[in-house]
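Visitor: Below is the structure I would like to discuss, written out as structure tokens.
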Amino acid sequence: MSEETVKKEIVEPLLTWYNAYKRDLPWRDKDNAYYTWVSEIMLQQTRVEAVKPYFQRFISRLPDIQSLAVCPEEELMKLWEGLGYYSRVRNMQKAAIQVAEQYDGQLPKDFEKLLSLKGIGRYTAGAIASIAYRIPVPAVDGNVLRVVTRLTENPQDIMKQSVRTEIEKQLSAIIPVSAPGDFNQAMMELGAVICGPSGPPRCAECPVKEFCQAYIHGSQEAYPVKAKKKPRSIEERTVLVIQDGSRTALRKRPGKGLLAGLYEFPNLLGYYSRAQALSYVKKLGLDPLYIQELPDSKHIFSHIEWRMKAYQIKVASLEGELTQDFFFAGRQETQQHYAIPSAFGAYLKYMKET
């Protein structure tokens, strides 16, 4: 580990800066543990500005833990549509059921008990405990790791749990008992808007630059150190936008695995020619009338990349039964009831209006 530690002298200027410049966010300063929880789960892998409308929509429909615990799965997936990582909201519902049954519908005011809930790790537990309940525990996310490794010129790989644990210890030693939530949020805010993940840090505006070893030595761009991930695997797929008049064919994905339980356009592993695509549609029990190629698209998951080609295929009105678990739906019906992951976003515009 680095011999440098986070200096306690950063606390006062950091809090002063935060109180003067913090962003106005719909979940901030509400003393609501549920709001903190929902926002922190949504903010994983998603920008703050993008999260705002999702958060407002979610809490308007599910204003408390009890309503989350009993929300039908189809509606829950629809509320989360576009945020990705759908296992997170499923885990939230499982945790909400735990809280409803074990803690009378209130998130426990205890860090270890928060950790015991489904889908809540050390960062989220620290955020809820410190922000909502003023418990002096750190909340170390990617923004905080970036700030701390620059403050201390820490050359260790931040993906290692031992490094994160040591940084938690350093922050535990200086977190102010009187304002732990503000301190944690200030560290996150500093990492998000000043000491950012892309482009050079805005050191001239940083309230703690005089305590930052990377700033003093001009080595900001060297931190944080992060081991390279293994390259993503590439998967070629053919997407079929099959339409019967104003309706489009959809199917529900399996209950386990990637994008579990969501809805999708029929798609096939590998690149299909026009003739192969038409042959497949006929095997479904449909009568294709014409086919046209759509623009290619791609979607990047954490571990895999889909490279998609697509066809729009018009079929005669269905008289018999489909040979697989497909159904036809219009755009409005889909928007109201069926959560389609952003992986297929490039092809949603081809759905008819009615």
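How things are named: the first chain in the structure tokens is A, the next is B, and so on; residues count from 1 in each chain; ligands count from 1 in the order shown.
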I'd like the contact shell of Pro155 (chain A) - 9 Å cut-off, only C-alpha atoms, skipping same-chain residues fewer than 2 positions apart - returned as a PDB file with C-alpha atoms, in the first residue's frame.
Guide:
ATOM      1  CA  MET A   1       0.000   0.000   0.000  1.00  0.00           C
ATOM      2  CA  SER A   2       0.944   3.643  -0.325  1.00  0.00           C
ATOM      3  CA  THR A 149      -5.774   7.195  -4.725  1.00  0.00           C
ATOM      4  CA  THR A 152      -2.358   9.568  -1.473  1.00  0.00           C
ATOM      5  CA  GLU A 153      -0.680   8.533  -4.762  1.00  0.00           C
ATOM      6  CA  ASP A 157      -4.882  -1.987  -8.062  1.00  0.00           C
ATOM      7  CA  ILE A 158      -8.245  -0.623  -6.894  1.00  0.00           C
ATOM      8  CA  ALA A 222      -1.458   8.011 -13.212  1.00  0.00           C
ATOM      9  CA  TYR A 223      -4.239   7.275 -10.707  1.00  0.00           C
ATOM     10  CA  PRO A 224      -6.235   5.258 -10.009  1.00  0.00           C
ATOM     11  CA  VAL A 225      -4.429   2.090 -11.042  1.00  0.00           C
TER      12      VAL A 225
END
Visitor: Write out as a VMD selection string each polymer residue whose atoms come within 9 Å of Leu294 (chain A), counting only C-alpha atoms; drop sequence neighbours fewer than 6 positions from it.
Guide: chain A and resid 309 to 312 347
Visitor: In Å to one decimal, how far is CA of Val6 (chain A) from CA of Val48 (chain A)?
Guide: 26.4 Å
Visitor: Between A:Ala95, A:Cys206, A:Leu79, A:Ile175, which one has atoms that come closest to Ala192 (chain A), using only C-alpha atoms?
Guide: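 Smallest distance to Ala192 (chain A) is found for A:Cys206.
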Visitor: At a cut-off of 9 Å, using only C-alpha atoms, what residues contact region 21-36 of chain A? Leave out same-chain residues fewer than 6 positions from it and give the result as a list in words.
Guide: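 Near region 21-36 of chain A, the qualifying residues are Val48, Lys52, Phe55, Gln56, Ile59, Pro63, Asp64, Ile65, Gln106, Leu107, Thr124, Ala127, Ile128, Ala129, Ile131, Ala132, Tyr133, Gln185, Ala186 and Glu189 of chain A.
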Visitor: When you draw a straight line from CA of Arg61 (chain A) to CA of Ala346 (chain A), how long is it in Å?
Guide: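 CA of Ala346 (chain A) lies 27.5 Å from CA of Arg61 (chain A).
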Visitor: DSSP says strand (DSSP E or B) for which residues of region 142-341 of chain A? Put them as a count of residues only?
Guide: 54
Visitor: Pick the closest to Ala125 (chain A) from A:Gly191, A:Gly218, A:Pro108, A:Gly257: which is it, counting only C-alpha atoms?
Guide: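 Among the listed residues, the smallest separation from Ala125 (chain A) belongs to A:Pro108.
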Visitor: CA of Phe183 (chain A) and CA of Ser130 (chain A), how far apart in Å?
Guide: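 Separating CA of Ser130 (chain A) from CA of Phe183 (chain A) is a distance of 8.8 Å.
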Visitor: Any idea what's packed within 9 Å of region 169-171 of chain A, counting only C-alpha atoms, ignoring anything in its chain fewer than 2 positions away? Could you give it as a PDB file with all heavy atoms, in the first residue's frame?
Guide:
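result_27.pdb was written with the following content:
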ATOM      1  N   THR A   5      -1.485   8.465   3.772  1.00  0.00           N
ATOM      2  CA  THR A   5      -2.866   8.217   4.185  1.00  0.00           C
ATOM      3  C   THR A   5      -3.667   9.486   3.955  1.00  0.00           C
ATOM      4  O   THR A   5      -3.109  10.571   3.774  1.00  0.00           O
ATOM      5  CB  THR A   5      -2.950   7.808   5.671  1.00  0.00           C
ATOM      6  OG1 THR A   5      -2.402   8.870   6.469  1.00  0.00           O
ATOM      7  CG2 THR A   5      -2.197   6.525   5.929  1.00  0.00           C
ATOM      8  N   VAL A   6      -4.981   9.349   3.962  1.00  0.00           N
ATOM      9  CA  VAL A   6      -5.842  10.507   3.768  1.00  0.00           C
ATOM     10  C   VAL A   6      -5.735  11.409   4.995  1.00  0.00           C
ATOM     11  O   VAL A   6      -5.929  10.962   6.121  1.00  0.00           O
ATOM     12  CB  VAL A   6      -7.308  10.072   3.563  1.00  0.00           C
ATOM     13  CG1 VAL A   6      -8.158  11.287   3.205  1.00  0.00           C
ATOM     14  CG2 VAL A   6      -7.411   9.028   2.471  1.00  0.00           C
ATOM     15  N   LYS A   7      -5.431  12.670   4.762  1.00  0.00           N
ATOM     16  CA  LYS A   7      -5.214  13.600   5.863  1.00  0.00           C
ATOM     17  C   LYS A   7      -6.545  14.121   6.414  1.00  0.00           C
ATOM     18  O   LYS A   7      -7.459  14.465   5.667  1.00  0.00           O
ATOM     19  CB  LYS A   7      -4.352  14.778   5.403  1.00  0.00           C
ATOM     20  CG  LYS A   7      -2.934  14.382   5.045  1.00  0.00           C
ATOM     21  CD  LYS A   7      -2.141  15.586   4.580  1.00  0.00           C
ATOM     22  CE  LYS A   7      -0.655  15.234   4.421  1.00  0.00           C
ATOM     23  NZ  LYS A   7      -0.437  14.170   3.418  1.00  0.00           N
ATOM     24  N   LYS A   8      -6.635  14.196   7.736  1.00  0.00           N
ATOM     25  CA  LYS A   8      -7.855  14.690   8.373  1.00  0.00           C
ATOM     26  C   LYS A   8      -8.121  16.138   8.006  1.00  0.00           C
ATOM     27  O   LYS A   8      -9.272  16.605   8.071  1.00  0.00           O
ATOM     28  CB  LYS A   8      -7.734  14.532   9.892  1.00  0.00           C
ATOM     29  CG  LYS A   8      -9.058  14.717  10.611  1.00  0.00           C
ATOM     30  CD  LYS A   8      -8.993  14.213  12.033  1.00  0.00           C
ATOM     31  CE  LYS A   8     -10.387  14.245  12.673  1.00  0.00           C
ATOM     32  NZ  LYS A   8     -10.412  13.630  14.010  1.00  0.00           N
ATOM     33  N   VAL A 137     -19.818   5.533   9.058  1.00  0.00           N
ATOM     34  CA  VAL A 137     -19.137   4.488   8.296  1.00  0.00           C
ATOM     35  C   VAL A 137     -18.897   5.023   6.886  1.00  0.00           C
ATOM     36  O   VAL A 137     -19.728   5.767   6.344  1.00  0.00           O
ATOM     37  CB  VAL A 137     -19.960   3.182   8.242  1.00  0.00           C
ATOM     38  CG1 VAL A 137     -20.021   2.534   9.602  1.00  0.00           C
ATOM     39  CG2 VAL A 137     -21.359   3.425   7.706  1.00  0.00           C
ATOM     40  N   PRO A 138     -17.769   4.674   6.261  1.00  0.00           N
ATOM     41  CA  PRO A 138     -17.488   5.188   4.921  1.00  0.00           C
ATOM     42  C   PRO A 138     -18.331   4.498   3.859  1.00  0.00           C
ATOM     43  O   PRO A 138     -18.847   3.395   4.065  1.00  0.00           O
ATOM     44  CB  PRO A 138     -16.004   4.879   4.730  1.00  0.00           C
ATOM     45  CG  PRO A 138     -15.754   3.700   5.615  1.00  0.00           C
ATOM     46  CD  PRO A 138     -16.668   3.856   6.789  1.00  0.00           C
ATOM     47  N   ALA A 139     -18.455   5.173   2.724  1.00  0.00           N
ATOM     48  CA  ALA A 139     -19.127   4.605   1.545  1.00  0.00           C
ATOM     49  C   ALA A 139     -18.164   4.787   0.382  1.00  0.00           C
ATOM     50  O   ALA A 139     -18.006   5.892  -0.139  1.00  0.00           O
ATOM     51  CB  ALA A 139     -20.451   5.306   1.280  1.00  0.00           C
ATOM     52  N   VAL A 140     -17.508   3.707  -0.008  1.00  0.00           N
ATOM     53  CA  VAL A 140     -16.426   3.794  -0.985  1.00  0.00           C
ATOM     54  C   VAL A 140     -16.886   3.256  -2.333  1.00  0.00           C
ATOM     55  O   VAL A 140     -17.010   2.047  -2.537  1.00  0.00           O
ATOM     56  CB  VAL A 140     -15.182   3.016  -0.490  1.00  0.00           C
ATOM     57  CG1 VAL A 140     -14.063   3.082  -1.525  1.00  0.00           C
ATOM     58  CG2 VAL A 140     -14.702   3.595   0.839  1.00  0.00           C
ATOM     59  N   VAL A 148      -9.294   9.216  -3.459  1.00  0.00           N
ATOM     60  CA  VAL A 148      -8.340   8.798  -2.424  1.00  0.00           C
ATOM     61  C   VAL A 148      -7.014   8.370  -3.033  1.00  0.00           C
ATOM     62  O   VAL A 148      -5.936   8.713  -2.504  1.00  0.00           O
ATOM     63  CB  VAL A 148      -8.933   7.664  -1.563  1.00  0.00           C
ATOM     64  CG1 VAL A 148      -7.862   7.076  -0.637  1.00  0.00           C
ATOM     65  CG2 VAL A 148     -10.106   8.181  -0.743  1.00  0.00           C
ATOM     66  N   ARG A 164      -9.393  -1.785  -1.338  1.00  0.00           N
ATOM     67  CA  ARG A 164     -10.634  -1.112  -0.933  1.00  0.00           C
ATOM     68  C   ARG A 164     -10.804  -1.150   0.588  1.00  0.00           C
ATOM     69  O   ARG A 164     -11.245  -0.165   1.197  1.00  0.00           O
ATOM     70  CB  ARG A 164     -11.836  -1.772  -1.627  1.00  0.00           C
ATOM     71  CG  ARG A 164     -11.835  -1.566  -3.129  1.00  0.00           C
ATOM     72  CD  ARG A 164     -12.977  -2.285  -3.812  1.00  0.00           C
ATOM     73  NE  ARG A 164     -12.972  -2.008  -5.238  1.00  0.00           N
ATOM     74  CZ  ARG A 164     -14.012  -1.540  -5.923  1.00  0.00           C
ATOM     75  NH1 ARG A 164     -15.152  -1.301  -5.310  1.00  0.00           N
ATOM     76  NH2 ARG A 164     -13.930  -1.305  -7.217  1.00  0.00           N
ATOM     77  N   THR A 165     -10.448  -2.267   1.189  1.00  0.00           N
ATOM     78  CA  THR A 165     -10.566  -2.393   2.640  1.00  0.00           C
ATOM     79  C   THR A 165      -9.653  -1.402   3.344  1.00  0.00           C
ATOM     80  O   THR A 165     -10.048  -0.763   4.334  1.00  0.00           O
ATOM     81  CB  THR A 165     -10.229  -3.834   3.083  1.00  0.00           C
ATOM     82  OG1 THR A 165     -11.147  -4.746   2.464  1.00  0.00           O
ATOM     83  CG2 THR A 165     -10.302  -3.977   4.596  1.00  0.00           C
ATOM     84  N   GLU A 166      -8.425  -1.261   2.845  1.00  0.00           N
ATOM     85  CA  GLU A 166      -7.486  -0.313   3.451  1.00  0.00           C
ATOM     86  C   GLU A 166      -7.983   1.123   3.302  1.00  0.00           C
ATOM     87  O   GLU A 166      -7.863   1.935   4.236  1.00  0.00           O
ATOM     88  CB  GLU A 166      -6.113  -0.470   2.804  1.00  0.00           C
ATOM     89  CG  GLU A 166      -5.064   0.510   3.324  1.00  0.00           C
ATOM     90  CD  GLU A 166      -4.839   0.400   4.830  1.00  0.00           C
ATOM     91  OE1 GLU A 166      -4.996  -0.701   5.381  1.00  0.00           O
ATOM     92  OE2 GLU A 166      -4.500   1.434   5.444  1.00  0.00           O
ATOM     93  N   ILE A 167      -8.559   1.451   2.151  1.00  0.00           N
ATOM     94  CA  ILE A 167      -9.087   2.802   1.948  1.00  0.00           C
ATOM     95  C   ILE A 167     -10.280   3.049   2.874  1.00  0.00           C
ATOM     96  O   ILE A 167     -10.433   4.156   3.422  1.00  0.00           O
ATOM     97  CB  ILE A 167      -9.449   3.006   0.463  1.00  0.00           C
ATOM     98  CG1 ILE A 167      -8.152   3.144  -0.352  1.00  0.00           C
ATOM     99  CG2 ILE A 167     -10.345   4.234   0.266  1.00  0.00           C
ATOM    100  CD1 ILE A 167      -8.350   3.210  -1.846  1.00  0.00           C
ATOM    101  N   ALA A 173     -11.062   6.563   9.815  1.00  0.00           N
ATOM    102  CA  ALA A 173     -10.273   7.285  10.814  1.00  0.00           C
ATOM    103  C   ALA A 173     -10.527   8.789  10.792  1.00  0.00           C
ATOM    104  O   ALA A 173     -10.235   9.482  11.772  1.00  0.00           O
ATOM    105  CB  ALA A 173      -8.785   7.014  10.600  1.00  0.00           C
ATOM    106  N   ILE A 174     -11.077   9.309   9.681  1.00  0.00           N
ATOM    107  CA  ILE A 174     -11.254  10.757   9.595  1.00  0.00           C
ATOM    108  C   ILE A 174     -12.710  11.182   9.404  1.00  0.00           C
ATOM    109  O   ILE A 174     -13.009  12.375   9.465  1.00  0.00           O
ATOM    110  CB  ILE A 174     -10.413  11.351   8.443  1.00  0.00           C
ATOM    111  CG1 ILE A 174     -10.953  10.914   7.083  1.00  0.00           C
ATOM    112  CG2 ILE A 174      -8.945  11.006   8.598  1.00  0.00           C
ATOM    113  CD1 ILE A 174     -10.350  11.691   5.914  1.00  0.00           C
ATOM    114  N   ILE A 175     -13.626  10.249   9.185  1.00  0.00           N
ATOM    115  CA  ILE A 175     -15.017  10.616   8.921  1.00  0.00           C
ATOM    116  C   ILE A 175     -15.597  11.358  10.126  1.00  0.00           C
ATOM    117  O   ILE A 175     -15.493  10.892  11.256  1.00  0.00           O
ATOM    118  CB  ILE A 175     -15.848   9.374   8.548  1.00  0.00           C
ATOM    119  CG1 ILE A 175     -17.223   9.770   8.021  1.00  0.00           C
ATOM    120  CG2 ILE A 175     -15.964   8.409   9.716  1.00  0.00           C
ATOM    121  CD1 ILE A 175     -17.983   8.594   7.391  1.00  0.00           C
TER     122      ILE A 175
END
Visitor: Name the residues of region 247-296 of chain A that fall into alpha helix (DSSP H) according to DSSP on the backbone, using the chain letters and numbers of this document, as a CSV table (one decimal) with N, CA, C and O atoms, in the first residue's frame.
Guide:
chain,number,residue,atom,x,y,z
A,274,ARG,N,-31.1,-13.6,-45.9
A,274,ARG,CA,-32.5,-13.4,-46.1
A,274,ARG,C,-33.2,-14.7,-46.2
A,274,ARG,O,-34.3,-14.9,-45.6
A,275,ALA,N,-32.7,-15.6,-47.0
A,275,ALA,CA,-33.3,-16.9,-47.2
A,275,ALA,C,-33.5,-17.7,-45.9
A,275,ALA,O,-34.5,-18.3,-45.7
A,276,GLN,N,-32.4,-17.7,-45.1
A,276,GLN,CA,-32.5,-18.4,-43.9
A,276,GLN,C,-33.5,-17.8,-42.9
A,276,GLN,O,-34.2,-18.5,-42.2
A,277,ALA,N,-33.5,-16.5,-42.9
A,277,ALA,CA,-34.5,-15.8,-42.0
A,277,ALA,C,-35.9,-16.1,-42.4
A,277,ALA,O,-36.8,-16.4,-41.6
A,278,LEU,N,-36.2,-16.1,-43.7
A,278,LEU,CA,-37.5,-16.4,-44.2
A,278,LEU,C,-37.9,-17.8,-43.9
A,278,LEU,O,-39.0,-18.1,-43.5
A,279,SER,N,-36.9,-18.7,-44.0
A,279,SER,CA,-37.2,-20.1,-43.7
A,279,SER,C,-37.5,-20.3,-42.3
A,279,SER,O,-38.4,-21.1,-41.9
A,280,TYR,N,-36.8,-19.6,-41.4
A,280,TYR,CA,-37.1,-19.7,-40.0
A,280,TYR,C,-38.5,-19.2,-39.7
A,280,TYR,O,-39.3,-19.8,-38.9
A,281,VAL,N,-38.9,-18.1,-40.3
A,281,VAL,CA,-40.3,-17.5,-40.1
A,281,VAL,C,-41.3,-18.5,-40.5
A,281,VAL,O,-42.4,-18.7,-39.8
A,282,LYS,N,-41.1,-19.2,-41.6
A,282,LYS,CA,-42.1,-20.2,-42.1
A,282,LYS,C,-42.2,-21.3,-41.1
A,282,LYS,O,-43.3,-21.8,-40.9
A,283,LYS,N,-41.1,-21.7,-40.5
A,283,LYS,CA,-41.1,-22.8,-39.5
A,283,LYS,C,-41.9,-22.4,-38.2
A,283,LYS,O,-42.4,-23.3,-37.5
Visitor: Write out as CSV a residue-level contact list of region 248-346 of chain A versus region 68-75 of chain A with cut-off 8 Å: for each qualifying residue the closest pair of atoms and the distance in Å to one decimal, counting only C-alpha atoms, rows sorted by chain and residue number upward.
Guide:
residue,atom,partner,partner_atom,distance
A:His337,CA,A:Glu75,CA,6.9
A:Tyr338,CA,A:Glu74,CA,7.0
A:Ala339,CA,A:Glu74,CA,7.5
Visitor: Would you save the residues from that selection as a PDB file, in the first residue's frame, using all heavy atoms?
Guide:
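The result, written out as selection18.pdb:
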ATOM      1  N   HIS A 337     -46.786  -2.329 -20.957  1.00  0.00           N
ATOM      2  CA  HIS A 337     -46.746  -3.595 -20.227  1.00  0.00           C
ATOM      3  C   HIS A 337     -45.454  -4.409 -20.347  1.00  0.00           C
ATOM      4  O   HIS A 337     -45.178  -5.213 -19.451  1.00  0.00           O
ATOM      5  CB  HIS A 337     -47.903  -4.490 -20.693  1.00  0.00           C
ATOM      6  CG  HIS A 337     -49.253  -3.877 -20.483  1.00  0.00           C
ATOM      7  ND1 HIS A 337     -49.780  -3.646 -19.232  1.00  0.00           N
ATOM      8  CD2 HIS A 337     -50.178  -3.436 -21.386  1.00  0.00           C
ATOM      9  CE1 HIS A 337     -50.983  -3.099 -19.352  1.00  0.00           C
ATOM     10  NE2 HIS A 337     -51.250  -2.962 -20.637  1.00  0.00           N
ATOM     11  N   TYR A 338     -44.698  -4.248 -21.416  1.00  0.00           N
ATOM     12  CA  TYR A 338     -43.597  -5.177 -21.667  1.00  0.00           C
ATOM     13  C   TYR A 338     -42.251  -4.460 -21.626  1.00  0.00           C
ATOM     14  O   TYR A 338     -42.001  -3.543 -22.415  1.00  0.00           O
ATOM     15  CB  TYR A 338     -43.792  -5.873 -23.016  1.00  0.00           C
ATOM     16  CG  TYR A 338     -45.131  -6.566 -23.143  1.00  0.00           C
ATOM     17  CD1 TYR A 338     -46.030  -6.219 -24.146  1.00  0.00           C
ATOM     18  CD2 TYR A 338     -45.505  -7.554 -22.235  1.00  0.00           C
ATOM     19  CE1 TYR A 338     -47.272  -6.832 -24.251  1.00  0.00           C
ATOM     20  CE2 TYR A 338     -46.740  -8.181 -22.327  1.00  0.00           C
ATOM     21  CZ  TYR A 338     -47.616  -7.809 -23.331  1.00  0.00           C
ATOM     22  OH  TYR A 338     -48.840  -8.422 -23.423  1.00  0.00           O
ATOM     23  N   ALA A 339     -41.389  -4.889 -20.715  1.00  0.00           N
ATOM     24  CA  ALA A 339     -40.066  -4.282 -20.586  1.00  0.00           C
ATOM     25  C   ALA A 339     -39.111  -4.893 -21.608  1.00  0.00           C
ATOM     26  O   ALA A 339     -38.812  -6.085 -21.551  1.00  0.00           O
ATOM     27  CB  ALA A 339     -39.532  -4.492 -19.173  1.00  0.00           C
TER      28      ALA A 339
END
